[in-house]
Amino acid sequence: MAVVTVFGPALALLRVVLLFAVTAVAEIVGCYLPWLVIKQGRSLWLLLPAATSLAAFAWLLTLHPSAAGRTYAAYGGVYIAVAIGWLWVVEGIRPSLWDVIGSLVALTGMAIIMFAPRH
């Protein structure tokens, strides 16, 4: 039973961070597909999965364990890191050192907001 107690907070942290990451991907996909339509002249049909992805994004935000304002504030930090990952993986642009440092600062802010003791 001690193992569960020791890993309980770590698993809770992992769950929150993964949920934030999935939420960020849903938002980015929902915004990237219209960008492709507008900027690159891709098919208007891409707007259907974009709308679905944005609806999933909104729903995913409701699954987070904290108050809405705190969730949105902390989510922003994860969004920044995921967007930089998107830049590299999807757009093929390697992030600069400053992109990485900025992402780490944003993730630190997320951790402070989400996991600070509450009185």
# chains A, B, ... in the order shown; residues from 1 in each chain; ligands from 1
>>> closest_atom_pairs(of="segment 65-106 of chain A", to="segment 40-58 of chain A", cutoff="12 Å", atoms="only C-alpha atoms", output="JSON lines")
{"residue": "A:Ala68", "atom": "CA", "partner": "A:Ala58", "partner_atom": "CA", "distance": 11.6}
{"residue": "A:Tyr72", "atom": "CA", "partner": "A:Ala58", "partner_atom": "CA", "distance": 11.0}
{"residue": "A:Tyr75", "atom": "CA", "partner": "A:Phe57", "partner_atom": "CA", "distance": 11.5}
{"residue": "A:Tyr79", "atom": "CA", "partner": "A:Phe57", "partner_atom": "CA", "distance": 11.7}
>>> write_last_selection(atoms="N, CA and C atoms", output="PDB file, in the first residue's frame")
ATOM      1  N   ALA A  68     -12.196  26.740 -13.185  1.00  0.00           N
ATOM      2  CA  ALA A  68     -12.025  27.078 -14.599  1.00  0.00           C
ATOM      3  C   ALA A  68     -10.906  28.100 -14.821  1.00  0.00           C
ATOM      4  N   TYR A  72      -7.564  27.357 -16.967  1.00  0.00           N
ATOM      5  CA  TYR A  72      -7.217  28.070 -18.195  1.00  0.00           C
ATOM      6  C   TYR A  72      -5.834  28.712 -18.079  1.00  0.00           C
ATOM      7  N   TYR A  75      -3.278  25.888 -18.171  1.00  0.00           N
ATOM      8  CA  TYR A  75      -3.298  25.283 -19.499  1.00  0.00           C
ATOM      9  C   TYR A  75      -2.434  26.061 -20.481  1.00  0.00           C
ATOM     10  N   TYR A  79       0.047  24.634 -23.295  1.00  0.00           N
ATOM     11  CA  TYR A  79      -0.225  24.976 -24.692  1.00  0.00           C
ATOM     12  C   TYR A  79       1.040  25.496 -25.366  1.00  0.00           C
TER      13      TYR A  79
END
>>> select_by_dssp(residues="segment 11-65 of chain A", states="alpha helix (DSSP H)", output="JSON, numbers by chain")
{"A": [11, 12, 13, 14, 15, 16, 17, 18, 19, 20, 21, 22, 23, 24, 25, 26, 27, 28, 29, 30, 31, 32, 33, 34, 35, 36, 37, 38, 39, 40, 47, 48, 49, 50, 51, 52, 53, 54, 55, 56, 57, 58, 59, 60, 61, 62]}
>>> write_last_selection(atoms="C-alpha atoms", output="tab-separated table (two decimals), in the first residue's frame")
chain	number	residue	atom	x	y	z
A	11	LEU	CA	0.27	9.76	-11.04
A	12	ALA	CA	-2.07	12.68	-10.38
A	13	LEU	CA	0.54	15.05	-11.83
A	14	LEU	CA	1.02	12.82	-14.88
A	15	ARG	CA	-2.74	12.64	-15.45
A	16	VAL	CA	-3.14	16.42	-15.31
A	17	VAL	CA	-0.17	17.07	-17.63
A	18	LEU	CA	-1.35	14.45	-20.15
A	19	LEU	CA	-4.87	15.85	-20.09
A	20	PHE	CA	-3.47	19.34	-20.70
A	21	ALA	CA	-1.34	17.99	-23.59
A	22	VAL	CA	-4.31	16.26	-25.26
A	23	THR	CA	-6.36	19.42	-24.78
A	24	ALA	CA	-3.61	21.50	-26.42
A	25	VAL	CA	-3.37	19.16	-29.41
A	26	ALA	CA	-7.13	19.40	-29.91
A	27	GLU	CA	-6.95	23.19	-29.88
A	28	ILE	CA	-3.94	23.35	-32.18
A	29	VAL	CA	-5.49	20.97	-34.72
A	30	GLY	CA	-8.71	22.97	-34.60
A	31	CYS	CA	-6.81	26.15	-35.40
A	32	TYR	CA	-4.17	24.72	-37.75
A	33	LEU	CA	-6.65	23.21	-40.20
A	34	PRO	CA	-8.40	26.55	-40.92
A	35	TRP	CA	-4.93	28.09	-41.23
A	36	LEU	CA	-4.19	25.55	-43.97
A	37	VAL	CA	-7.45	26.43	-45.72
A	38	ILE	CA	-6.83	30.19	-45.57
A	39	LYS	CA	-3.05	30.38	-46.01
A	40	GLN	CA	-2.39	27.42	-48.27
A	47	LEU	CA	-13.09	22.95	-41.61
A	48	LEU	CA	-15.26	20.01	-40.50
A	49	PRO	CA	-12.51	18.19	-38.56
A	50	ALA	CA	-11.34	21.60	-37.34
A	51	ALA	CA	-14.75	22.30	-35.81
A	52	THR	CA	-14.85	18.82	-34.29
A	53	SER	CA	-11.39	19.29	-32.82
A	54	LEU	CA	-12.33	22.64	-31.30
A	55	ALA	CA	-15.47	21.10	-29.80
A	56	ALA	CA	-13.31	18.34	-28.30
A	57	PHE	CA	-10.96	21.01	-26.96
A	58	ALA	CA	-13.82	22.77	-25.16
A	59	TRP	CA	-15.09	19.48	-23.73
A	60	LEU	CA	-11.60	18.43	-22.61
A	61	LEU	CA	-11.23	21.67	-20.65
A	62	THR	CA	-14.23	20.61	-18.54
>>> residues_around(residues="segment 107-112 of chain A", least_positions_apart="6", cutoff="7 Å", atoms="only C-alpha atoms", output="compact mmCIF listing (two decimals) with N, CA and C atoms, in the first residue's frame")
# COMPACT_ATOMS: atom_id res chain seq x y z
N ALA A 74 -3.27 27.76 -16.13
CA ALA A 74 -2.24 26.73 -16.16
C ALA A 74 -2.14 26.07 -17.53
N TYR A 75 -3.28 25.89 -18.17
CA TYR A 75 -3.30 25.28 -19.50
C TYR A 75 -2.43 26.06 -20.48
N GLY A 77 0.38 27.39 -20.12
CA GLY A 77 1.78 26.96 -20.07
C GLY A 77 2.01 25.70 -20.87
N VAL A 78 1.10 24.75 -20.74
CA VAL A 78 1.23 23.50 -21.50
C VAL A 78 1.00 23.77 -22.98
>>> atom_distance(atom1="atom CA of Leu87 of chain A", atom2="atom CA of Ala106 of chain A")
16.3 Å
